[in-house]
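Structure first, commentary second.
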Amino acid sequence: MVFSSTIFLFLFLPLVLGLYFLVRPGLRNGVLLLASLTYYAWGESKFLRLVLFSILGNYLFGLTIQALRSPRLRQLVLACAVVTNIGLLVWFKYVNFLSQSLDDLLRLLHSKHDFQLAPVTLPLGISFFTFHALSYVVDIYRRDAVAQKNLPRLGLYILFFPQLIAGPIVRYHEICDQLEEREIDSLDLSLGIERFIVGLAKKMLIANSAAEIADAIFGLAGSDLTAPLAWLGVSAYAIQVYFDFSGYSDMAIGLARMFGFRFPENFNYPYVSQSMTEFWRRWHMSLSRWFRDYLYIPLGGNRSSGARTYFNLVTVFLLCGLWHGASWNFVIWGALHGLFLVIERLGLLRLLQRTWPPVRHAYCLSIILITWVFFRAPTLSVVEAFLRAMMGKGTGAGVLFRATNYLDHERLLALAAGVLGATPLVGWFRRFQLEPGRLRAALFDLGRLTALLALALASAMRLSSGTYNPFIYFRF
């Protein structure tokens, strides 16, 4: 039951909102917890016990860490909590990948042993609720927050349905006070609805149209690829992945705001970046901060020697790649991003700062598009075929499969909207509202309301027509 589904939009969300505002404030957390349990059970009922085990286990870990006075015992309990959470993540998300990799290695060494395991099913949202659980126990250990004595409140933090499958990753100390008490008024509700509509439109009108192009081209045989096809495919995917990720983040932030929660922002126009360093300050910001505060800084961060700092960076991005998916493609994607951050620290960033801004932007965008090939392609052989084609060495004849075959008026409009929407143009337009004059403000409000209604109607029409609506988070 994803956010961009008829069941969620026209049944689940109205029922939850109605019940939430009907009950007295003291019961509202209970309504949200029940809704979150229902939401998870709807899609992954067989793993509901796993999520409840995670909640109860981390609840006990948090209370124990806070109660202990001995630093060594606190460290020991924290280590047990980290091993338990990471162990669950490794087993369900990476054991198939690890066993397959070991089996491939044994075959490469001409070994007669077989290390194949029965496939392990990936629970929905495990990457997100594991990181939320880790945030909780680490924040308690660091005394950035007090252990939650109310088990349902902790359950709501870990399982809250707006943040369960897509992010942003909300750290416990950022939201613990809101779990106990929060105020909500008509402004919160209206801003939440507005943000949700914008996110839904990003997903339905731009990301899904771009996905049709990307999936079709990435599904071609490598021998059919030409340079225009390859560049169109990866450019369409760049638009898809950004508007899908940021669209779901907008929907999550909007949903949380409807219930009185304030979530952190997750994207800040990353495609306008002029370096890879800047890109990671703008892309999936909650994930970047999580890795920075819970992994990079504990490893030593920038405080160590130059070589150690570079090692820390590459390690963090290798794990960032693995967090996104259990395959060598994701590992390489993370390693390449880490490598370019190291190169920029070694002096490239200073050189870029002295160059013409369009050159800096072209450098950054080229790296982003090339590395997206690793992120999207199902195998390394597909990666190789795409990169060769992008360099003008494709073997396609360009007769049966041409770039124009994948473009119609609707898709061209979606791509154009994606290019414009990836810039701060809308933010610049909003400054118009800040200019003095009641008439100007009234016209702006009328235009915004009209645009929101048009986006909501267009999204609902596309959704009701049953058109292509992929959910790429199943990979993560």
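Residue numbers start at 1 in each chain; chains themselves are named A, B, ... in the order of the structure tokens; ligands are numbered from 1 in the order shown.
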
### Those in segment 63-182 of chain A with alpha helix (DSSP H) from DSSP, as a ChimeraX atom specification
/A:63-67,71-89,95-108,126-141,151-159,172-180

### Query
What's the 7 Å shell around segment 389-405 of chain A, counting only C-alpha atoms, without same-chain residues fewer than 2 positions away, as a list of chain:residue names?
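Answer for this query is A:Ser223, A:Asp224, A:Leu225, A:Thr226, A:Ala227, A:Pro228, A:Leu229, A:Ala230, A:Trp231, A:Leu232, A:Ala385, A:Phe386, A:Leu387, A:Leu407.
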
Export C-alpha atoms of the chosen residues as a short mmCIF file (atom, residue, chain, number, x, y, z; two decimals), in the first residue's frame?
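The result, written out as result_2.cif:
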```cif
data_model
loop_
_atom_site.label_atom_id
_atom_site.label_comp_id
_atom_site.auth_asym_id
_atom_site.auth_seq_id
_atom_site.Cartn_x
_atom_site.Cartn_y
_atom_site.Cartn_z
CA SER A 223 24.14 -4.76 -28.98
CA ASP A 224 21.20 -2.43 -29.81
CA LEU A 225 22.48 0.59 -27.87
CA THR A 226 23.62 3.79 -29.54
CA ALA A 227 25.02 6.94 -27.92
CA PRO A 228 21.71 8.91 -28.16
CA LEU A 229 19.78 5.94 -26.72
CA ALA A 230 22.20 5.43 -23.82
CA TRP A 231 22.31 9.11 -22.88
CA LEU A 232 18.52 9.40 -23.14
CA ALA A 385 27.34 -1.89 -22.68
CA PHE A 386 25.85 1.43 -21.54
CA LEU A 387 29.20 3.07 -20.81
CA LEU A 407 9.57 10.19 -26.89
#
```
